[in-house]
>>> print(open('final20.txt').read())   # compact mmCIF, C-alpha atoms
# COMPACT_ATOMS: atom_id res chain seq x y z
CA MET A 268 -5.33 19.52 -17.73
CA SER A 269 -4.52 23.27 -17.85
CA LYS A 270 -1.35 24.68 -16.29
CA PRO A 271 -3.28 26.50 -13.53
CA ALA A 272 -4.94 23.21 -12.63
CA LEU A 273 -1.57 21.46 -12.48
CA LYS A 274 -0.23 24.13 -10.16
CA LEU A 275 -3.22 23.69 -7.88
CA ARG A 276 -2.62 19.94 -7.58
CA SER A 277 -0.22 20.36 -4.67
CA TRP A 278 0.03 18.63 -1.32
CA PRO A 279 -0.62 21.78 0.79
CA LEU A 280 -4.07 21.98 -0.79
CA MET A 281 -4.59 18.31 -0.07
CA VAL A 282 -3.84 18.89 3.58
CA LEU A 283 -6.30 21.78 3.71
CA TYR A 284 -8.92 19.67 1.91
CA TYR A 285 -8.89 17.06 4.67
CA LEU A 286 -8.60 19.56 7.54
CA LEU A 287 -11.12 22.23 6.56
CA PRO A 288 -14.92 21.78 6.80
CA LEU A 289 -16.56 19.74 4.07
CA GLY A 290 -16.92 21.69 0.83
CA ALA A 291 -14.63 24.58 1.78
CA LEU A 292 -12.40 24.00 -1.24
CA ARG A 293 -15.18 22.93 -3.60
CA PRO A 294 -14.92 26.11 -5.76
CA LEU A 295 -11.43 24.96 -6.84
CA SER A 296 -13.03 22.10 -8.78
CA ARG A 297 -14.17 24.66 -11.36
CA VAL A 298 -10.55 25.09 -12.51
CA GLY A 299 -9.87 21.35 -12.66
CA TRP A 300 -8.53 20.61 -9.18
CA ARG A 301 -9.34 17.20 -7.75
CA PRO A 302 -8.26 15.85 -4.35
CA VAL A 303 -6.17 12.70 -4.28
CA SER A 304 -6.72 9.94 -1.75
CA ARG A 305 -5.36 10.14 1.77
CA VAL A 306 -2.99 7.27 0.90
CA ALA A 307 -1.57 9.16 -2.08
CA LEU A 308 -1.28 12.28 0.07
CA TYR A 309 0.65 10.41 2.74
CA LYS A 310 2.95 8.81 0.16
CA SER A 311 3.85 12.28 -1.13
CA VAL A 312 5.30 13.31 2.24
CA PRO A 313 9.15 13.31 2.04
CA THR A 314 9.58 10.73 4.81
CA ARG A 315 13.15 9.81 3.80
CA LEU A 316 14.27 13.43 4.08
CA LEU A 317 12.48 13.82 7.40
CA SER A 318 14.08 10.61 8.68
CA ARG A 319 17.57 11.78 7.74
CA ALA A 320 16.91 15.09 9.51
CA TRP A 321 15.67 13.19 12.56
CA GLY A 322 18.78 11.01 12.45
CA ARG A 323 21.03 14.06 12.53
CA LEU A 324 19.03 15.55 15.39
CA ASN A 325 19.47 12.30 17.32
CA GLN A 326 23.25 12.68 17.08
CA VAL A 327 23.30 16.13 18.69
CA GLU A 328 24.82 15.92 22.16
CA LEU A 329 22.44 17.19 24.82
CA PRO A 330 23.67 19.39 27.66
CA HIS A 331 24.07 17.42 30.87
CA TRP A 332 21.27 19.35 32.61
CA LEU A 333 18.81 18.73 29.74
CA ARG A 334 19.19 14.96 29.49
CA ARG A 335 17.02 13.93 32.42
CA PRO A 336 13.95 16.07 31.49
CA VAL A 337 14.13 15.09 27.78
CA TYR A 338 14.53 11.35 28.41
CA SER A 339 12.00 11.40 31.26
CA LEU A 340 9.40 12.87 28.91
CA TYR A 341 10.11 10.12 26.38
CA ILE A 342 9.94 7.44 29.10
CA TRP A 343 6.60 8.78 30.33
CA THR A 344 5.16 9.09 26.79
CA PHE A 345 6.06 5.60 25.57
CA GLY A 346 6.16 3.63 28.83
CA VAL A 347 9.85 2.73 28.78
CA ASN A 348 11.02 0.45 31.60
CA MET A 349 14.44 1.81 32.52
CA LYS A 350 14.90 -0.76 35.28
CA GLU A 351 15.76 -3.23 32.50
CA ALA A 352 18.45 -0.99 30.99
CA ALA A 353 22.09 -1.91 31.51
CA VAL A 354 22.67 1.73 32.50
CA GLU A 355 19.73 3.32 34.34
CA ASP A 356 21.38 6.71 34.86
CA LEU A 357 19.82 9.03 32.24
CA HIS A 358 22.81 11.36 32.31
CA HIS A 359 24.91 8.55 30.81
CA TYR A 360 23.22 8.89 27.38
CA ARG A 361 24.84 11.76 25.50
CA ASN A 362 22.19 11.99 22.77
CA LEU A 363 18.82 10.56 21.74
CA SER A 364 20.47 7.96 19.50
CA GLU A 365 22.39 6.43 22.42
CA PHE A 366 19.22 6.39 24.49
CA PHE A 367 17.19 4.67 21.74
CA ARG A 368 19.89 2.00 21.32
CA ARG A 369 20.37 1.34 25.03
CA LYS A 370 21.38 -2.19 26.00
CA LEU A 371 19.58 -4.38 28.54
CA LYS A 372 20.83 -6.09 31.64
CA PRO A 373 21.91 -9.68 30.84
CA GLN A 374 19.16 -11.19 33.04
CA ALA A 375 16.41 -8.93 31.63
CA ARG A 376 15.65 -11.22 28.66
CA PRO A 377 16.29 -14.92 29.34
CA VAL A 378 16.36 -16.92 26.10
CA CYS A 379 13.90 -19.80 25.98
CA GLY A 380 15.82 -23.02 25.36
CA LEU A 381 12.79 -25.32 24.99
CA HIS A 382 11.53 -23.93 21.68
CA SER A 383 13.26 -23.89 18.30
CA VAL A 384 12.25 -20.33 17.34
CA ILE A 385 12.20 -17.37 19.73
CA SER A 386 11.15 -13.75 19.31
CA PRO A 387 14.07 -11.75 17.89
CA SER A 388 12.86 -8.54 19.55
CA ASP A 389 10.40 -6.90 21.88
CA GLY A 390 7.16 -5.90 20.20
CA LYS A 391 3.60 -6.76 19.28
CA ILE A 392 2.58 -9.77 17.19
CA LEU A 393 0.69 -8.41 14.17
CA ASN A 394 0.24 -11.68 12.32
CA PHE A 395 1.58 -15.21 11.96
CA GLY A 396 0.77 -18.52 10.31
CA GLN A 397 1.30 -20.46 7.09
CA VAL A 398 2.04 -18.64 3.83
CA LYS A 399 -0.68 -19.44 1.30
CA ASN A 400 -0.93 -18.51 -2.39
CA CYS A 401 2.29 -16.46 -2.23
CA GLU A 402 0.48 -13.79 -0.20
CA VAL A 403 1.38 -12.80 3.36
CA GLU A 404 -0.83 -10.85 5.78
CA GLN A 405 0.81 -7.71 7.23
CA VAL A 406 -2.27 -7.31 9.45
CA LYS A 407 -5.58 -9.16 9.45
CA GLY A 408 -7.14 -8.94 5.98
CA VAL A 409 -4.37 -6.83 4.37
CA THR A 410 -1.79 -8.77 2.35
CA TYR A 411 1.40 -8.26 0.40
CA SER A 412 3.16 -10.30 -2.26
CA LEU A 413 5.86 -12.65 -0.98
CA GLU A 414 7.96 -12.18 -4.12
CA SER A 415 7.62 -8.38 -4.04
CA PHE A 416 8.71 -8.38 -0.41
CA LEU A 417 11.73 -10.72 -0.68
CA GLY A 418 12.61 -9.99 -4.31
CA PRO A 419 13.54 -12.56 -6.96
CA ARG A 420 15.09 -15.79 -5.74
CA ILE A 421 18.87 -15.62 -5.54
CA PRO A 422 20.85 -17.56 -8.21
CA MET A 423 20.89 -21.33 -7.80
CA GLU A 424 24.67 -21.43 -7.40
CA ASP A 425 24.40 -19.18 -4.30
CA LEU A 426 21.92 -21.47 -2.52
CA PRO A 427 23.19 -23.72 0.27
CA PHE A 428 21.00 -26.44 -1.29
CA PRO A 429 18.53 -26.46 -4.22
CA PRO A 430 14.77 -26.00 -3.75
CA ALA A 431 12.49 -29.01 -3.65
CA THR A 432 11.02 -28.10 -7.03
CA SER A 433 12.62 -26.39 -10.01
CA CYS A 434 9.44 -24.68 -11.19
CA GLY A 435 6.07 -23.52 -9.92
CA SER A 436 5.16 -20.69 -7.58
CA PHE A 437 7.62 -18.45 -5.81
CA ARG A 438 6.63 -20.17 -2.57
CA SER A 439 7.69 -23.54 -3.97
CA GLN A 440 11.09 -22.05 -4.87
CA LEU A 441 11.70 -21.24 -1.20
CA VAL A 442 10.66 -24.61 0.20
CA THR A 443 13.74 -26.81 0.01
CA ARG A 444 12.40 -30.06 1.47
CA GLU A 445 9.46 -32.27 0.61
CA GLY A 446 6.63 -32.14 3.13
CA ASN A 447 7.61 -28.76 4.59
CA GLU A 448 5.42 -25.66 4.76
CA LEU A 449 6.30 -21.97 4.64
CA TYR A 450 5.51 -19.87 7.73
CA HIS A 451 5.63 -16.19 8.61
CA CYS A 452 5.53 -13.98 11.69
CA VAL A 453 5.30 -10.16 11.86
CA ILE A 454 6.50 -8.29 14.97
CA TYR A 455 5.93 -4.54 15.36
CA LEU A 456 8.40 -2.61 17.53
CA ALA A 457 6.83 0.48 19.14
CA PRO A 458 8.96 3.56 19.96
CA GLY A 459 9.12 2.53 23.63
CA ASP A 460 10.37 -0.99 22.93
CA TYR A 461 13.93 -2.28 23.16
CA HIS A 462 15.34 -1.44 19.70
CA CYS A 463 17.95 -4.17 19.20
CA PHE A 464 17.07 -7.45 17.49
CA HIS A 465 18.66 -10.86 17.88
CA SER A 466 18.92 -14.18 16.10
CA PRO A 467 15.60 -16.06 16.45
CA THR A 468 17.18 -19.50 16.05
CA ASP A 469 20.40 -21.31 15.18
CA TRP A 470 20.92 -20.63 11.48
CA THR A 471 23.47 -19.59 8.86
CA ILE A 472 23.05 -16.32 6.93
CA SER A 473 24.28 -16.61 3.36
CA HIS A 474 22.82 -13.55 1.64
CA ARG A 475 21.72 -9.95 2.25
CA ARG A 476 19.39 -7.97 0.01
CA HIS A 477 18.85 -4.27 0.67
CA PHE A 478 15.78 -2.55 -0.77
CA PRO A 479 15.99 1.26 -0.66
CA GLY A 480 12.48 2.63 -0.48
CA SER A 481 9.97 4.78 1.34
CA LEU A 482 10.03 5.26 5.09
CA MET A 483 6.33 5.34 5.91
CA SER A 484 5.04 4.58 9.37
CA VAL A 485 4.55 0.85 10.03
CA ASN A 486 2.26 1.11 13.05
CA PRO A 487 -0.72 -1.29 12.90
CA GLY A 488 -3.16 1.46 11.92
CA MET A 489 -1.06 2.41 8.90
CA ALA A 490 -0.54 -1.25 8.00
CA ARG A 491 -4.33 -1.62 7.72
CA TRP A 492 -4.51 1.49 5.56
CA ILE A 493 -1.81 0.89 2.94
CA LYS A 494 -1.70 -2.39 1.03
CA GLU A 495 1.79 -3.84 0.56
CA LEU A 496 3.20 -1.26 2.98
CA PHE A 497 6.16 -3.50 3.81
CA CYS A 498 6.99 -3.79 0.09
CA HIS A 499 7.11 0.01 -0.29
CA ASN A 500 9.38 0.64 2.69
CA GLU A 501 13.13 0.35 2.89
CA ARG A 502 14.14 -3.05 4.24
CA VAL A 503 17.07 -5.39 4.72
CA VAL A 504 16.40 -9.06 3.93
CA LEU A 505 18.75 -11.64 5.46
CA THR A 506 18.34 -15.15 4.03
CA GLY A 507 19.97 -18.45 4.80
CA ASP A 508 19.10 -21.84 6.19
CA TRP A 509 18.40 -23.59 9.48
CA LYS A 510 18.00 -27.25 10.33
CA HIS A 511 14.64 -27.43 8.54
CA GLY A 512 15.57 -25.51 5.37
CA PHE A 513 15.01 -21.92 4.23
CA PHE A 514 15.02 -19.15 6.86
CA SER A 515 14.85 -15.36 6.51
CA LEU A 516 14.69 -12.32 8.77
CA THR A 517 13.71 -8.93 7.32
CA ALA A 518 14.20 -5.63 9.14
CA VAL A 519 11.68 -3.11 7.77
CA GLY A 520 12.47 0.59 8.11
CA ALA A 521 9.90 3.24 9.01
CA THR A 522 9.50 6.99 9.47
CA ASN A 523 12.42 8.24 11.58
CA VAL A 524 13.95 4.75 11.38
CA GLY A 525 16.05 5.16 8.26
CA SER A 526 19.01 3.62 10.05
CA ILE A 527 19.00 -0.19 10.04
CA ARG A 528 22.24 -1.66 11.30
CA ILE A 529 23.44 -5.26 10.96
CA TYR A 530 26.39 -5.73 13.29
CA PHE A 531 28.49 -8.00 11.07
CA ASP A 532 27.69 -6.14 7.80
CA ARG A 533 29.85 -3.03 7.55
CA ASP A 534 29.02 -2.54 3.86
CA LEU A 535 25.33 -1.89 4.57
CA HIS A 536 24.27 1.77 4.34
CA THR A 537 20.57 2.59 4.64
CA ASN A 538 18.48 5.73 3.94
CA SER A 539 20.84 7.11 1.30
CA PRO A 540 19.79 10.46 -0.24
CA ARG A 541 19.41 8.98 -3.74
CA TYR A 542 18.07 5.65 -4.90
CA SER A 543 16.19 4.13 -7.83
CA LYS A 544 12.62 3.11 -7.07
CA GLY A 545 12.24 -0.66 -7.17
CA SER A 546 15.99 -1.29 -7.06
CA TYR A 547 17.83 -3.53 -4.63
CA ASN A 548 21.42 -4.40 -3.75
CA ASP A 549 22.62 -7.96 -3.20
CA PHE A 550 25.55 -9.09 -1.09
CA SER A 551 26.68 -12.68 -0.54
CA PHE A 552 28.36 -13.78 2.67
CA VAL A 553 29.46 -17.00 0.96
CA THR A 554 33.00 -16.56 -0.38
CA HIS A 555 35.91 -18.73 -1.51
CA THR A 556 37.28 -18.63 2.02
CA ASN A 557 33.87 -18.94 3.71
CA LYS A 558 31.80 -21.59 1.97
CA GLU A 559 28.87 -21.50 4.43
CA GLY A 560 28.17 -17.89 5.41
CA ILE A 561 27.64 -16.26 8.81
CA PRO A 562 26.64 -18.71 11.57
CA MET A 563 24.22 -17.24 14.13
CA HIS A 564 23.21 -18.76 17.46
CA LYS A 565 19.79 -18.36 19.01
CA GLY A 566 19.65 -15.12 21.00
CA GLU A 567 22.89 -13.70 19.58
CA HIS A 568 22.98 -9.95 18.85
CA LEU A 569 22.12 -9.33 15.20
CA GLY A 570 21.27 -5.65 14.64
CA GLU A 571 19.37 -2.57 15.72
CA PHE A 572 16.93 0.15 14.68
CA ASN A 573 16.78 3.80 15.61
CA LEU A 574 13.33 4.26 17.27
CA GLY A 575 10.84 1.49 16.31
CA SER A 576 9.97 -0.61 13.26
CA THR A 577 9.03 -4.14 12.17
CA ILE A 578 10.67 -7.57 11.96
CA VAL A 579 9.29 -10.15 9.53
CA LEU A 580 10.31 -13.81 9.75
CA ILE A 581 9.64 -16.12 6.79
CA PHE A 582 10.87 -19.67 7.07
CA GLU A 583 10.12 -23.26 6.19
CA ALA A 584 9.44 -25.99 8.72
CA PRO A 585 7.69 -29.36 8.91
CA LYS A 586 3.88 -29.41 8.88
CA ASP A 587 3.69 -30.03 12.62
CA PHE A 588 5.36 -26.70 13.48
CA ASN A 589 3.15 -24.82 15.95
CA PHE A 590 3.18 -21.16 16.93
CA LYS A 591 2.77 -20.38 20.64
CA LEU A 592 1.18 -17.00 19.93
CA LYS A 593 -1.98 -14.94 19.75
CA ALA A 594 -2.43 -12.08 17.28
CA GLY A 595 -2.06 -8.74 19.03
CA GLN A 596 -0.15 -10.05 22.03
CA LYS A 597 2.92 -8.31 23.43
CA ILE A 598 6.11 -10.32 23.30
CA ARG A 599 9.67 -9.84 24.47
CA PHE A 600 12.96 -10.91 22.99
CA GLY A 601 13.82 -14.46 24.04
CA GLU A 602 10.24 -15.65 24.49
CA ALA A 603 8.97 -18.58 22.43
CA LEU A 604 7.45 -18.07 18.99
CA GLY A 605 6.95 -21.72 18.16
CA SER A 606 8.41 -25.19 17.90
CA LEU A 607 7.81 -28.71 16.61
>>> encode(input="final20.txt", output="structure tokens")
Amino acid sequence: MSKPALKLRSWPLMVLYYLLPLGALRPLSRVGWRPVSRVALYKSVPTRLLSRAWGRLNQVELPHWLRRPVYSLYIWTFGVNMKEAAVEDLHHYRNLSEFFRRKLKPQARPVCGLHSVISPSDGKILNFGQVKNCEVEQVKGVTYSLESFLGPRIPMEDLPFPPATSCGSFRSQLVTREGNELYHCVIYLAPGDYHCFHSPTDWTISHRRHFPGSLMSVNPGMARWIKELFCHNERVVLTGDWKHGFFSLTAVGATNVGSIRIYFDRDLHTNSPRYSKGSYNDFSFVTHTNKEGIPMHKGEHLGEFNLGSTIVLIFEAPKDFNFKLKAGQKIRFGEALGSL
């Protein structure tokens, strides 16, 4: 391709191509210009840079007189229920970040004690069910690779117990007990939802894997549009075990949600300016002084996002595990996901 053609292959032209009437930029094809797909165009947007800028804006302290109108507009736009907030007075929140990470009243989210797995957050159920053929559905009909999402299995010596089989598919490496199945559940947190997430069950976290990556939107419409969206985005994978074997919770970042915080993990830093594509960082919570890891109780505070994002649970359980869900339903932290 000629140098003029290369110069013309720029994202501003792509934007114009999709905004202007059909054929308006057709003459440019004579010098070798070709439009890329909408997906490629979206991927070229510097979402990590935008998210860092948004994060800094969130930290700016608002004047006392401006807080009520700004937060009221947000509440009206996204349907936030401030009656559930521990502090209802809008003047209390010095900046947008504090408002996004507001805590709830203790009685606002009772934790279901009858079911073994509860929702770790408020949100919308995008998909759930058994994991088959090492592929997981992010939304109906759109899948991603289980191994690409979680990364290679951690070394055998770091496992709390060995897998049921020493070879075979990646799925079989995760299943630690004969007769168990692997299950998944995807929960989308909208901007108006409560942004903290909690432990979905009683389990022990032994390992953290951080994938730096893109920060594309994870709303359901985008999840239908981009295959393996969750594998492209920055995410923090927490793995460990519960009473039935392997258990993992993954916090997936999104546009304007570069900050993922895990309360007990002070070494975790997300949305760094530089990273290597496809890289990941491992950290083990199992040490010489702590042979088991980090014990978590059902409903215990685990972490938080800035704005909204996605939580993905992948875990093993006996074949008679049943989800108490419907795809597309709204759910709140503490409500039942499923049980035996």
>>> atom_distance(input="final20.txt", atom1="CA of Gly446 (chain A)", atom2="CA of Glu402 (chain A)")
19.6 Å
>>> residues_around(input="final20.txt", residues="Asn325 (chain A)", least_positions_apart="6", cutoff="8 Å", atoms="only C-alpha atoms", output="MDAnalysis selection string")
chainID A and resid 362:364
>>> residues_around(input="final20.txt", residues="region 368-375 of chain A", least_positions_apart="4", cutoff="6 Å", atoms="all atoms listed in the file", output="list in words")
Glu351, Ala352, Ala353 and His462 of chain A
>>> atom_distance(input="final20.txt", atom1="CA of Glu404 (chain A)", atom2="CA of Lys510 (chain A)")
25.4 Å
>>> atom_distance(input="final20.txt", atom1="CA of Tyr450 (chain A)", atom2="CA of His564 (chain A)")
20.2 Å
>>> decode(input="final20.txt", residues="region 378-405 of chain A", atoms="N, CA, C and O atoms", output="short mmCIF file (atom, residue, chain, number, x, y, z; two decimals), in the first residue's frame")
data_model
loop_
_atom_site.label_atom_id
_atom_site.label_comp_id
_atom_site.auth_asym_id
_atom_site.auth_seq_id
_atom_site.Cartn_x
_atom_site.Cartn_y
_atom_site.Cartn_z
N VAL A 378 -28.25 -11.35 53.62
CA VAL A 378 -27.58 -12.46 52.95
C VAL A 378 -28.38 -13.73 53.15
O VAL A 378 -28.70 -14.12 54.28
N CYS A 379 -28.72 -14.38 52.04
CA CYS A 379 -29.50 -15.61 52.09
C CYS A 379 -28.67 -16.73 52.72
O CYS A 379 -27.57 -17.06 52.25
N GLY A 380 -29.19 -17.32 53.77
CA GLY A 380 -28.46 -18.38 54.46
C GLY A 380 -28.85 -19.78 54.03
O GLY A 380 -28.23 -20.76 54.42
N LEU A 381 -29.91 -19.90 53.20
CA LEU A 381 -30.42 -21.21 52.81
C LEU A 381 -29.71 -21.79 51.60
O LEU A 381 -29.81 -22.99 51.35
N HIS A 382 -29.00 -20.96 50.86
CA HIS A 382 -28.37 -21.43 49.62
C HIS A 382 -26.86 -21.31 49.72
O HIS A 382 -26.33 -20.38 50.35
N SER A 383 -26.15 -22.22 49.06
CA SER A 383 -24.70 -22.30 49.21
C SER A 383 -23.96 -21.21 48.45
O SER A 383 -22.85 -20.84 48.82
N VAL A 384 -24.55 -20.68 47.38
CA VAL A 384 -23.90 -19.63 46.59
C VAL A 384 -24.88 -18.47 46.43
O VAL A 384 -26.02 -18.66 46.01
N ILE A 385 -24.41 -17.25 46.78
CA ILE A 385 -25.24 -16.06 46.66
C ILE A 385 -24.64 -15.13 45.61
O ILE A 385 -23.49 -15.30 45.18
N SER A 386 -25.40 -14.15 45.20
CA SER A 386 -24.88 -13.15 44.26
C SER A 386 -23.85 -12.28 44.98
O SER A 386 -24.13 -11.73 46.04
N PRO A 387 -22.67 -12.11 44.39
CA PRO A 387 -21.65 -11.28 45.03
C PRO A 387 -21.89 -9.78 44.86
O PRO A 387 -21.20 -8.97 45.49
N SER A 388 -22.86 -9.42 44.02
CA SER A 388 -23.07 -7.99 43.72
C SER A 388 -24.50 -7.77 43.23
O SER A 388 -25.23 -8.71 42.95
N ASP A 389 -24.86 -6.50 43.13
CA ASP A 389 -26.06 -6.13 42.40
C ASP A 389 -25.76 -6.26 40.91
O ASP A 389 -24.61 -6.15 40.48
N GLY A 390 -26.78 -6.45 40.10
CA GLY A 390 -26.54 -6.49 38.66
C GLY A 390 -27.61 -7.22 37.89
O GLY A 390 -28.72 -7.44 38.38
N LYS A 391 -27.25 -7.61 36.68
CA LYS A 391 -28.14 -8.32 35.77
C LYS A 391 -27.47 -9.63 35.37
O LYS A 391 -26.29 -9.66 35.02
N ILE A 392 -28.21 -10.71 35.43
CA ILE A 392 -27.69 -12.03 35.05
C ILE A 392 -27.62 -12.11 33.53
O ILE A 392 -28.64 -12.11 32.85
N LEU A 393 -26.39 -12.18 32.99
CA LEU A 393 -26.24 -12.30 31.54
C LEU A 393 -26.30 -13.75 31.09
O LEU A 393 -26.87 -14.06 30.05
N ASN A 394 -25.69 -14.63 31.86
CA ASN A 394 -25.68 -16.04 31.48
C ASN A 394 -25.25 -16.89 32.67
O ASN A 394 -24.61 -16.40 33.60
N PHE A 395 -25.61 -18.17 32.62
CA PHE A 395 -25.24 -19.11 33.67
C PHE A 395 -25.45 -20.52 33.15
O PHE A 395 -26.14 -20.74 32.15
N GLY A 396 -24.87 -21.49 33.83
CA GLY A 396 -25.06 -22.88 33.46
C GLY A 396 -23.77 -23.68 33.55
O GLY A 396 -22.78 -23.24 34.13
N GLN A 397 -23.78 -24.87 32.96
CA GLN A 397 -22.60 -25.73 32.95
C GLN A 397 -21.62 -25.26 31.87
O GLN A 397 -22.03 -24.76 30.82
N VAL A 398 -20.33 -25.43 32.16
CA VAL A 398 -19.29 -25.14 31.17
C VAL A 398 -19.11 -26.38 30.31
O VAL A 398 -18.86 -27.47 30.83
N LYS A 399 -19.24 -26.21 28.99
CA LYS A 399 -19.12 -27.34 28.08
C LYS A 399 -18.07 -27.04 27.01
O LYS A 399 -18.02 -25.94 26.48
N ASN A 400 -17.25 -28.03 26.71
CA ASN A 400 -16.24 -27.93 25.65
C ASN A 400 -15.27 -26.77 25.84
O ASN A 400 -14.79 -26.17 24.88
N CYS A 401 -15.00 -26.43 27.10
CA CYS A 401 -14.04 -25.37 27.44
C CYS A 401 -14.43 -24.01 26.87
O CYS A 401 -13.60 -23.11 26.73
N GLU A 402 -15.71 -23.83 26.54
CA GLU A 402 -16.22 -22.55 26.07
C GLU A 402 -17.30 -22.06 27.03
O GLU A 402 -18.11 -22.84 27.52
N VAL A 403 -17.27 -20.75 27.29
CA VAL A 403 -18.25 -20.15 28.20
C VAL A 403 -19.00 -19.06 27.45
O VAL A 403 -18.40 -18.29 26.69
N GLU A 404 -20.32 -18.97 27.66
CA GLU A 404 -21.10 -17.92 27.00
C GLU A 404 -21.04 -16.63 27.81
O GLU A 404 -21.37 -16.62 28.99
N GLN A 405 -20.62 -15.52 27.15
CA GLN A 405 -20.65 -14.22 27.82
C GLN A 405 -22.06 -13.64 27.72
O GLN A 405 -22.55 -13.00 28.65
#
